[in-house]
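S.K.: Provided below: protein.csv, containing CSV, C-alpha atoms.
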```csv
chain,number,residue,atom,x,y,z
C,1,MET,CA,-9.2,110.9,-27.9
C,2,ASN,CA,-6.7,113.7,-27.0
C,3,ASP,CA,-4.3,115.4,-29.5
C,4,GLU,CA,-1.3,113.7,-28.0
C,5,SER,CA,-2.6,110.3,-28.9
C,6,ARG,CA,-2.6,111.3,-32.6
C,7,GLU,CA,0.9,112.6,-32.8
C,8,GLU,CA,4.0,110.3,-32.7
C,9,ILE,CA,6.0,110.5,-29.5
C,10,PRO,CA,9.1,108.6,-28.3
C,11,LEU,CA,8.5,105.0,-27.4
C,12,LYS,CA,9.8,105.5,-23.9
C,13,LYS,CA,7.4,108.4,-23.2
C,14,ALA,CA,4.5,106.5,-24.6
C,15,VAL,CA,5.2,103.4,-22.4
C,16,LYS,CA,5.6,105.6,-19.3
C,17,SER,CA,2.4,107.4,-20.1
C,18,TYR,CA,0.6,104.0,-20.6
C,19,TYR,CA,1.7,102.6,-17.3
C,20,ALA,CA,1.1,105.9,-15.4
C,21,ASP,CA,-2.6,105.3,-15.8
C,22,LYS,CA,-2.5,101.8,-14.4
C,23,LYS,CA,-3.2,102.0,-10.7
C,24,LEU,CA,-4.5,99.8,-7.9
C,25,SER,CA,-7.9,100.7,-6.7
C,26,ALA,CA,-8.2,102.4,-3.3
C,27,GLU,CA,-9.6,99.2,-1.9
C,28,GLN,CA,-6.8,97.0,-3.3
C,29,LEU,CA,-4.2,99.5,-2.1
C,30,GLU,CA,-5.6,99.5,1.4
C,31,LYS,CA,-5.7,95.7,1.5
C,32,LEU,CA,-2.1,95.3,0.3
C,33,SER,CA,-0.9,98.1,2.6
C,34,SER,CA,-2.4,96.4,5.6
C,35,LEU,CA,-1.0,93.1,4.5
C,36,SER,CA,2.4,94.5,4.1
C,37,ASP,CA,2.3,96.3,7.5
C,38,ASN,CA,1.0,93.3,9.4
C,39,PRO,CA,3.0,90.3,8.4
C,40,VAL,CA,1.0,87.1,8.6
C,41,SER,CA,4.0,85.1,9.8
C,42,ASP,CA,6.5,85.9,12.4
C,43,ILE,CA,9.2,83.4,11.7
C,44,LYS,CA,12.2,84.2,14.0
C,45,PRO,CA,15.7,83.7,12.6
C,46,LEU,CA,17.5,80.7,13.9
C,47,ARG,CA,19.6,81.9,16.8
C,48,VAL,CA,23.3,81.6,16.2
C,49,HIS,CA,25.3,80.0,19.0
C,50,LYS,CA,27.4,82.6,20.9
C,51,PHE,CA,30.6,80.8,19.9
C,52,GLY,CA,29.7,81.4,16.2
C,53,MET,CA,28.7,77.9,15.2
C,54,PHE,CA,25.4,76.1,15.7
C,55,PRO,CA,26.4,73.3,18.1
C,56,PHE,CA,24.5,70.4,16.6
C,57,PRO,CA,24.6,70.5,12.8
C,58,ALA,CA,22.5,67.3,12.5
C,59,ILE,CA,19.7,68.8,14.7
C,60,ALA,CA,19.8,72.0,12.7
C,61,ALA,CA,19.6,70.0,9.4
C,62,SER,CA,16.7,68.0,10.8
C,63,ILE,CA,14.8,71.2,11.8
C,64,LEU,CA,15.4,72.7,8.3
C,65,ILE,CA,14.2,69.5,6.6
C,66,PHE,CA,11.1,69.5,8.9
C,67,ILE,CA,10.4,73.2,8.1
C,68,ALA,CA,10.9,72.6,4.3
C,69,PHE,CA,8.6,69.5,4.5
C,70,PHE,CA,6.0,71.4,6.5
C,71,SER,CA,6.1,74.4,4.1
C,72,TYR,CA,5.7,72.2,1.1
C,73,ASN,CA,2.7,70.4,2.5
C,74,LYS,CA,1.0,73.5,3.8
C,75,ASN,CA,-2.3,74.1,2.0
C,76,PRO,CA,-3.0,77.4,0.4
C,77,ASP,CA,-5.2,79.8,2.4
C,78,ILE,CA,-7.9,79.5,-0.2
C,79,ILE,CA,-8.2,75.8,0.4
C,80,THR,CA,-8.4,76.3,4.2
C,81,ALA,CA,-11.1,78.9,3.7
C,82,ALA,CA,-13.0,76.6,1.3
C,83,TYR,CA,-12.8,73.8,3.8
C,84,SER,CA,-14.3,76.1,6.5
C,85,ASP,CA,-17.1,77.0,4.2
C,86,ILE,CA,-17.9,73.3,3.5
C,87,ILE,CA,-18.1,72.6,7.3
C,88,HIS,CA,-20.2,75.8,7.8
C,89,ASP,CA,-22.8,74.6,5.1
C,90,GLU,CA,-22.7,71.0,6.0
C,91,LYS,CA,-26.4,71.0,7.0
C,92,LEU,CA,-27.6,73.2,4.1
C,93,SER,CA,-29.6,71.2,1.6
C,94,ASN,CA,-31.3,73.6,-0.9
C,95,GLY,CA,-30.6,71.5,-4.0
C,96,LEU,CA,-29.7,73.4,-7.2
C,97,SER,CA,-31.7,76.6,-7.3
C,98,ASP,CA,-32.8,78.4,-10.4
C,99,VAL,CA,-30.4,81.3,-9.9
C,100,HIS,CA,-27.4,78.9,-9.6
C,101,LYS,CA,-28.6,76.8,-12.5
C,102,ASN,CA,-28.7,80.0,-14.5
C,103,TRP,CA,-25.1,80.9,-13.4
C,104,ILE,CA,-23.9,77.5,-14.5
C,105,ALA,CA,-25.5,77.9,-17.9
C,106,VAL,CA,-24.3,81.4,-18.5
C,107,ASN,CA,-20.7,80.3,-17.7
C,108,GLU,CA,-21.0,77.3,-20.1
C,109,ILE,CA,-20.7,74.7,-17.4
C,110,LYS,CA,-22.6,71.5,-18.1
C,111,ALA,CA,-25.0,69.8,-15.7
C,112,ALA,CA,-23.6,67.1,-13.3
C,113,PRO,CA,-24.4,63.5,-14.5
C,114,SER,CA,-28.0,62.7,-13.5
C,115,ASP,CA,-26.8,59.8,-11.3
C,116,TYR,CA,-25.4,62.3,-8.8
C,117,ASN,CA,-27.5,64.5,-6.7
C,118,VAL,CA,-26.7,68.2,-6.3
C,119,GLU,CA,-27.4,68.6,-2.6
C,120,MET,CA,-26.6,72.3,-2.1
C,121,SER,CA,-25.8,75.4,-4.1
C,122,LYS,CA,-24.8,78.9,-3.1
C,123,PHE,CA,-22.6,81.9,-3.9
C,124,CYS,CA,-19.8,82.5,-1.4
C,125,ASP,CA,-16.7,84.5,-0.8
C,126,ILE,CA,-13.6,82.3,-0.4
C,127,ASP,CA,-10.6,84.2,0.9
C,128,GLY,CA,-11.6,87.2,-1.3
C,129,PHE,CA,-12.7,85.2,-4.3
C,130,LYS,CA,-16.3,85.2,-5.4
C,131,THR,CA,-17.3,81.6,-6.1
C,132,MET,CA,-20.3,79.4,-6.8
C,133,HIS,CA,-20.3,76.4,-4.4
C,134,LEU,CA,-22.0,73.1,-5.2
C,135,ARG,CA,-22.1,70.0,-3.1
C,136,ILE,CA,-22.7,66.8,-4.9
C,137,ALA,CA,-23.3,63.4,-3.2
C,138,GLY,CA,-21.6,60.3,-4.4
C,139,LYS,CA,-23.9,57.5,-5.7
C,140,TYR,CA,-23.3,55.3,-2.7
C,141,HIS,CA,-21.0,57.2,-0.4
C,142,GLY,CA,-18.8,60.3,-0.2
C,143,LYS,CA,-19.3,64.0,-0.9
C,144,MET,CA,-17.8,66.3,-3.4
C,145,ASN,CA,-17.6,70.1,-3.3
C,146,LEU,CA,-17.0,72.3,-6.3
C,147,PHE,CA,-16.1,76.0,-6.1
C,148,PHE,CA,-16.4,77.6,-9.5
C,149,LYS,CA,-14.6,80.9,-10.0
C,150,LYS,CA,-14.5,83.1,-13.0
C,151,GLY,CA,-11.1,83.8,-14.5
C,152,SER,CA,-7.7,82.1,-14.6
C,153,ARG,CA,-6.2,80.1,-11.8
C,154,SER,CA,-4.9,82.3,-9.0
C,155,TYR,CA,-1.2,82.5,-8.3
C,156,ARG,CA,-2.1,82.0,-4.7
C,157,PHE,CA,-2.6,78.3,-5.1
C,158,GLY,CA,1.0,77.5,-5.6
C,159,LYS,CA,0.4,73.8,-6.0
C,160,SER,CA,-2.4,72.0,-7.9
C,161,SER,CA,-3.5,69.3,-5.4
C,162,GLY,CA,-3.2,68.1,-1.9
C,163,ILE,CA,-5.0,66.8,1.2
C,164,THR,CA,-6.6,68.9,3.9
C,165,LYS,CA,-8.0,67.1,7.0
C,166,ASP,CA,-10.5,64.5,5.7
C,167,MET,CA,-10.6,65.7,2.2
C,168,LYS,CA,-8.5,65.6,-1.0
C,169,TRP,CA,-8.4,68.8,-3.2
C,170,LYS,CA,-7.4,69.8,-6.6
C,171,VAL,CA,-7.5,73.0,-8.7
C,172,LEU,CA,-8.5,72.8,-12.4
C,173,GLU,CA,-8.9,75.3,-15.1
C,174,SER,CA,-11.1,75.3,-18.1
C,175,ASN,CA,-10.5,77.1,-21.3
C,176,LYS,CA,-13.9,78.8,-20.8
C,177,ASP,CA,-12.1,81.0,-18.3
C,178,ILE,CA,-13.4,79.1,-15.3
C,179,THR,CA,-11.3,77.8,-12.4
C,180,VAL,CA,-12.7,75.1,-10.2
C,181,ILE,CA,-11.6,74.0,-6.7
C,182,VAL,CA,-12.6,70.4,-6.2
C,183,MET,CA,-12.7,69.0,-2.7
C,184,TYR,CA,-13.9,65.5,-1.9
C,185,THR,CA,-14.1,63.1,0.9
C,186,LYS,CA,-11.5,60.3,0.8
C,187,ASP,CA,-14.3,57.6,0.4
C,188,MET,CA,-15.2,59.1,-3.0
C,189,ARG,CA,-13.4,57.2,-5.8
C,190,GLU,CA,-11.0,59.2,-8.0
C,191,ASN,CA,-12.5,58.1,-11.3
C,192,VAL,CA,-16.0,59.1,-10.1
C,193,VAL,CA,-14.7,62.6,-9.3
C,194,ASN,CA,-12.9,62.8,-12.6
C,195,ASN,CA,-16.1,61.7,-14.4
C,196,ILE,CA,-18.2,64.3,-12.8
C,197,ILE,CA,-15.8,67.1,-13.4
C,198,GLY,CA,-15.1,66.0,-17.0
C,199,THR,CA,-18.9,66.0,-17.7
C,200,MET,CA,-19.4,69.5,-16.2
C,201,LEU,CA,-16.2,71.0,-17.7
C,202,PRO,CA,-15.3,69.2,-20.9
C,203,ASP,CA,-12.7,71.8,-21.7
C,204,LEU,CA,-10.3,71.4,-18.9
C,205,ILE,CA,-6.8,72.6,-19.7
C,206,ALA,CA,-4.9,71.8,-16.5
E,1,MET,CA,7.4,97.6,4.9
E,2,LEU,CA,6.0,99.0,1.6
E,3,ASP,CA,4.4,102.4,1.1
E,4,LYS,CA,1.6,103.1,-1.4
E,5,GLN,CA,3.9,104.4,-4.1
E,6,ASP,CA,6.0,101.2,-3.9
E,7,LEU,CA,2.8,99.1,-4.2
E,8,GLN,CA,1.6,101.0,-7.3
E,9,LYS,CA,5.1,100.5,-8.8
E,10,LEU,CA,5.1,96.8,-8.1
E,11,TYR,CA,1.5,96.5,-9.5
E,12,ARG,CA,2.6,98.1,-12.8
E,13,TYR,CA,5.5,95.6,-13.0
E,14,ALA,CA,3.0,92.8,-12.3
E,15,LEU,CA,0.8,94.2,-15.1
E,16,ALA,CA,3.7,94.2,-17.5
E,17,LEU,CA,4.0,90.5,-16.9
E,18,VAL,CA,0.4,89.3,-16.8
E,19,LYS,CA,-1.4,92.0,-18.9
E,20,ASP,CA,-4.6,91.4,-16.9
E,21,GLU,CA,-5.5,93.8,-14.1
E,22,ASP,CA,-7.1,91.2,-11.8
E,23,MET,CA,-4.3,88.7,-12.3
E,24,ALA,CA,-1.7,91.4,-11.7
E,25,TYR,CA,-3.3,92.2,-8.4
E,26,ASP,CA,-3.4,88.5,-7.6
E,27,LEU,CA,0.3,88.1,-8.5
E,28,LEU,CA,1.3,91.0,-6.4
E,29,GLN,CA,-0.7,89.8,-3.4
E,30,THR,CA,0.7,86.3,-3.7
E,31,SER,CA,4.3,87.7,-3.9
E,32,ILE,CA,3.9,89.9,-0.9
E,33,GLU,CA,2.5,87.0,1.1
E,34,ARG,CA,5.4,84.8,0.1
E,35,THR,CA,7.9,87.5,1.0
E,36,LEU,CA,6.3,88.1,4.4
E,37,ASN,CA,6.6,84.3,5.1
E,38,ARG,CA,10.3,84.6,4.8
E,39,ASN,CA,12.6,86.0,7.5
E,40,MET,CA,12.3,89.7,6.7
E,41,ALA,CA,15.5,90.5,8.6
E,42,THR,CA,17.5,88.8,5.9
E,43,ILE,CA,16.0,90.8,3.0
E,44,ASP,CA,17.9,94.0,2.3
E,45,GLU,CA,15.8,95.3,-0.6
E,46,PRO,CA,12.2,94.2,-0.2
E,47,ILE,CA,11.1,95.8,-3.5
E,48,ALA,CA,13.8,94.0,-5.6
E,49,TYR,CA,13.0,90.8,-3.7
E,50,ILE,CA,9.3,91.0,-4.4
E,51,LYS,CA,10.1,91.6,-8.1
E,52,VAL,CA,12.1,88.4,-8.2
E,53,ILE,CA,9.4,86.5,-6.4
E,54,MET,CA,6.8,87.9,-8.9
E,55,ARG,CA,8.9,86.8,-11.8
E,56,ASN,CA,9.4,83.3,-10.4
E,57,VAL,CA,5.7,82.8,-9.5
E,58,PHE,CA,4.6,84.1,-12.9
E,59,PHE,CA,7.1,82.0,-15.0
E,60,ASP,CA,6.6,78.9,-12.9
E,61,GLU,CA,2.9,79.1,-13.7
E,62,GLN,CA,3.6,79.7,-17.4
E,63,ARG,CA,5.8,76.6,-17.4
E,64,ARG,CA,3.1,74.7,-15.6
E,65,LYS,CA,0.7,75.6,-18.3
E,66,LYS,CA,3.4,75.0,-20.9
E,67,ILE,CA,2.9,78.4,-22.5
E,68,VAL,CA,6.4,79.9,-22.3
E,69,PRO,CA,7.1,80.9,-26.0
E,70,MET,CA,10.3,79.4,-27.4
E,71,ILE,CA,12.7,81.4,-29.5
E,72,SER,CA,15.1,79.5,-31.7
E,73,ILE,CA,18.9,79.6,-31.1
E,74,GLU,CA,19.5,80.5,-34.7
E,75,GLN,CA,17.2,83.5,-34.5
E,76,ASP,CA,18.9,84.6,-31.3
E,77,GLU,CA,22.3,84.3,-32.9
E,78,GLU,CA,21.4,86.2,-36.0
E,79,GLU,CA,20.2,89.1,-34.0
E,80,GLN,CA,23.4,89.4,-32.0
E,81,TYR,CA,25.4,91.3,-34.6
E,82,ASP,CA,24.7,94.9,-33.8
E,83,SER,CA,23.4,94.5,-30.3
E,84,GLU,CA,25.8,97.0,-28.9
E,85,ASN,CA,24.1,99.8,-30.9
E,86,MET,CA,20.7,98.6,-30.1
E,87,GLN,CA,19.7,100.9,-27.2
E,88,LEU,CA,20.1,104.0,-29.2
E,89,SER,CA,17.8,102.7,-32.0
E,90,LEU,CA,15.2,101.7,-29.4
E,91,GLU,CA,15.2,105.3,-28.2
E,92,ASP,CA,14.6,106.4,-31.8
E,93,ILE,CA,11.3,104.7,-32.2
E,94,HIS,CA,8.3,107.0,-32.2
E,95,ILE,CA,4.7,105.8,-32.0
E,96,HIS,CA,1.2,107.0,-31.5
E,97,LEU,CA,0.2,106.9,-27.8
E,98,ASP,CA,-3.0,105.1,-28.6
E,99,ASP,CA,-1.0,102.2,-30.3
E,100,ILE,CA,0.8,101.3,-27.1
E,101,GLU,CA,-1.9,99.1,-25.8
E,102,GLN,CA,-1.9,97.1,-29.0
E,103,ILE,CA,1.8,96.7,-28.8
E,104,THR,CA,1.7,95.4,-25.2
E,105,LYS,CA,-0.9,92.9,-26.2
E,106,MET,CA,1.2,91.6,-29.1
E,107,LEU,CA,4.4,91.2,-27.1
E,108,THR,CA,5.1,88.1,-25.0
E,109,PRO,CA,5.2,88.6,-21.2
E,110,ALA,CA,9.0,88.5,-21.2
E,111,GLU,CA,9.2,91.2,-23.9
E,112,ASN,CA,6.6,93.3,-22.0
E,113,GLU,CA,8.7,93.0,-18.9
E,114,LEU,CA,11.8,94.1,-20.8
E,115,LEU,CA,10.0,97.1,-22.3
E,116,TYR,CA,8.7,98.1,-18.9
E,117,LEU,CA,12.1,97.8,-17.2
E,118,TRP,CA,13.7,99.8,-20.0
E,119,ALA,CA,11.1,102.5,-20.4
E,120,VAL,CA,9.4,103.0,-17.0
E,121,GLU,CA,12.1,101.9,-14.5
E,122,GLU,CA,14.8,103.2,-16.9
E,123,TYR,CA,17.0,100.3,-16.0
E,124,THR,CA,20.3,100.0,-17.9
E,125,ALA,CA,21.1,96.7,-19.6
E,126,GLU,CA,23.4,95.9,-16.6
E,127,GLU,CA,20.6,96.4,-14.1
E,128,ILE,CA,18.2,94.4,-16.2
E,129,SER,CA,20.7,91.6,-16.5
E,130,LYS,CA,21.0,91.5,-12.7
E,131,LEU,CA,17.3,91.3,-12.2
E,132,LEU,CA,16.8,88.6,-14.8
E,133,THR,CA,20.1,86.9,-13.8
E,134,GLN,CA,21.1,86.8,-17.5
E,135,PRO,CA,24.4,88.0,-19.1
E,136,ARG,CA,24.4,91.6,-20.3
E,137,GLY,CA,24.9,90.4,-23.9
E,138,THR,CA,21.8,88.3,-23.8
E,139,VAL,CA,19.8,91.3,-22.4
E,140,LEU,CA,21.2,93.5,-25.2
E,141,SER,CA,20.2,90.9,-27.8
E,142,LYS,CA,16.7,90.7,-26.3
E,143,LEU,CA,16.3,94.5,-26.4
E,144,HIS,CA,17.4,94.4,-30.0
E,145,ARG,CA,14.8,91.7,-30.8
E,146,LEU,CA,12.2,93.8,-29.0
E,147,LYS,CA,13.0,96.8,-31.3
E,148,HIS,CA,12.2,94.5,-34.3
E,149,ARG,CA,9.0,93.2,-32.8
E,150,ILE,CA,7.8,96.7,-32.0
E,151,ARG,CA,8.7,98.0,-35.5
E,152,GLN,CA,6.9,94.9,-36.9
E,153,SER,CA,3.8,95.7,-34.8
E,154,ILE,CA,3.8,99.4,-36.0
E,155,ASN,CA,4.1,98.4,-39.6
E,156,ASN,CA,1.2,96.0,-39.3
```
In structure tokens, how does this file's structure come out?
M.R.:
Amino acid sequence: MNDESREEIPLKKAVKSYYADKKLSAEQLEKLSSLSDNPVSDIKPLRVHKFGMFPFPAIAASILIFIAFFSYNKNPDIITAAYSDIIHDEKLSNGLSDVHKNWIAVNEIKAAPSDYNVEMSKFCDIDGFKTMHLRIAGKYHGKMNLFFKKGSRSYRFGKSSGITKDMKWKVLESNKDITVIVMYTKDMRENVVNNIIGTMLPDLIA
Amino acid sequence: MLDKQDLQKLYRYALALVKDEDMAYDLLQTSIERTLNRNMATIDEPIAYIKVIMRNVFFDEQRRKKIVPMISIEQDEEEQYDSENMQLSLEDIHIHLDDIEQITKMLTPAENELLYLWAVEEYTAEEISKLLTQPRGTVLSKLHRLKHRIRQSINN
């Protein structure tokens, strides 16, 4: 502890000094710099008619409504990445290995109900998030994928549920500091999905 | 669009809101992505714009989780009386450097944001009121309450 920390200094100076030490790591800084320099989207501004007014207000309104609807229904990138991972590992069938069983126990996640078979388990990186991926088969039909991530729900989700291609998805958070992305085929019943998640994470908060 | 100094500055602002380093990075990344999804030609001040996006994303999530702390109207009104003299007295507070972390932990996200804007960015009440889209009187009142909260924390 240095001498300055023991003597009283003005609040403003103390707060400045506190935040001066808080910095992005070199890796984070590089990632954000490249993100900022290479916009992911290249949305062109609507061209204004040369006479100053857009000629067809109804068409303009329809386009704006379509864009708003499309934006609202767009899935977060994390979900798109998770879906790709599911397709990539479709044929993988290693069950629940000891290392993954241990990870589950350490993070205070309970076992899936015994009626449901854990077909696959693996650690994977989903759009920059380290996750533990499980695939669980429905009793009669359907598949459910769970991506467990340590920590709070990312701000990048925006919304909490949606549909991507042939799967429904939702993001839930447990008060054991675990966030889980749940993705399941449409032939899997909602109450079965809720039962499995509720068993594995009894402390869901959202 | 943003240089490294801007990014560090925005990260510190995110940290003032969320208190957790990983979540601050997550909030900043999300806000930059959302900004880039807009028509950049229409954004005059990207840094100010990203700050507003960060606030909106953060407080929307707080509301979703229903964890925005409520402050009673009575308490707010009681503390209005000498708000015009408040800034001077906030300047007068002296603390130990190693107590600051404890103080930031005790404050709510909105209070931490206010403290950050006042101390680090050196915003005036007028500038804070523009960013928060709140009347200047409300900002002064909040700064006044902040002074009490910090004094309370020091005494504890």
S.K.: In Å to one decimal, how far is CA of Leu36 in chain E from CA of Ser25 in chain C?
M.R.: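 CA of Leu36 in chain E lies at a distance of 22.0 Å from CA of Ser25 in chain C.
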S.K.: Just give me the gap between CA of Glu127 in chain E and CA of Glu113 in chain E in Å, one decimal is fine.
M.R.: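 Separation of CA of Glu127 in chain E and CA of Glu113 in chain E: 13.3 Å.
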S.K.: Quick one: residues within 12 Å of (-33.3, 76.4, -3.4) (file frame), counting all atoms listed in the file, please, as a ChimeraX atom specification.
M.R.: /C:92-101,118-122,134
S.K.: Distance cut-off 9 Å, counting all atoms listed in the file - which residues of chain E neighbour chain C? Return them as a PyMOL selection string.
M.R.: chain E and resi 1-4+7-9+11-12+15-16+21-23+25-33+36-42+57-58+61+64-65+90-101+115-116+118-122
S.K.: For Asn112 in chain E, please output as a list in words all residues within 10 Å (counting all atoms listed in the file; exclusion window: fewer than 3 positions along the same chain).
M.R.: Tyr13, Leu15, Ala16, Leu17, Val18, Lys19, Ile103, Thr104, Lys105, Met106, Leu107, Thr108, Pro109, Leu115, Tyr116, Leu117, Trp118 and Leu146 of chain E
S.K.: Any chance you can output those residues with C-alpha atoms as a PDB file, in the frame of the given file?
M.R.:
```pdb
ATOM      1  CA  TYR E  13       5.500  95.600 -13.000  1.00  0.00           C
ATOM      2  CA  LEU E  15       0.800  94.200 -15.100  1.00  0.00           C
ATOM      3  CA  ALA E  16       3.700  94.200 -17.500  1.00  0.00           C
ATOM      4  CA  LEU E  17       4.000  90.500 -16.900  1.00  0.00           C
ATOM      5  CA  VAL E  18       0.400  89.300 -16.800  1.00  0.00           C
ATOM      6  CA  LYS E  19      -1.400  92.000 -18.900  1.00  0.00           C
ATOM      7  CA  ILE E 103       1.800  96.700 -28.800  1.00  0.00           C
ATOM      8  CA  THR E 104       1.700  95.400 -25.200  1.00  0.00           C
ATOM      9  CA  LYS E 105      -0.900  92.900 -26.200  1.00  0.00           C
ATOM     10  CA  MET E 106       1.200  91.600 -29.100  1.00  0.00           C
ATOM     11  CA  LEU E 107       4.400  91.200 -27.100  1.00  0.00           C
ATOM     12  CA  THR E 108       5.100  88.100 -25.000  1.00  0.00           C
ATOM     13  CA  PRO E 109       5.200  88.600 -21.200  1.00  0.00           C
ATOM     14  CA  LEU E 115      10.000  97.100 -22.300  1.00  0.00           C
ATOM     15  CA  TYR E 116       8.700  98.100 -18.900  1.00  0.00           C
ATOM     16  CA  LEU E 117      12.100  97.800 -17.200  1.00  0.00           C
ATOM     17  CA  TRP E 118      13.700  99.800 -20.000  1.00  0.00           C
ATOM     18  CA  LEU E 146      12.200  93.800 -29.000  1.00  0.00           C
TER      19      LEU E 146
END
```
S.K.: Nearest to Ala137 in chain C: which of C:Asp203, C:Asp166, C:Glu173, C:Glu90 is it, counting only C-alpha atoms?
M.R.: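 Closest to Ala137 in chain C of all the choices is C:Glu90.
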S.K.: Give me the residues within 6 Å of Ile126 in chain C as JSON, numbers by chain, counting all atoms listed in the file and dropping any in the same chain fewer than 3 places off.
M.R.: {"C": [81, 82, 129]}
S.K.: In Å, rounded to a single decimal, give me how far CA of Asp6 in chain E is from CA of Gly137 in chain E.
M.R.: 29.6 Å
S.K.: Please determine, counting only C-alpha atoms, which residue among C:Asn195, C:Thr164, C:Thr131, C:Asn175 has the shortest atom-to-atom distance to Ile104 in chain C.
M.R.: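 Using only C-alpha atoms, Ile104 in chain C sits closest to C:Thr131.
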S.K.: What's around Ile163 in chain C at 10 Å? Count all atoms listed in the file, leave out sequence neighbours fewer than 2 positions away in its own chain, and write the answer as an MDAnalysis selection string.
M.R.: chainID C and resid 73:75 79 161 165:170 183:186
S.K.: Could you check which of C:Ile87, C:Ala26, C:Ile181, C:Ile196 is closest to Tyr116 in chain C, using all atoms listed in the file?
M.R.: C:Ile196
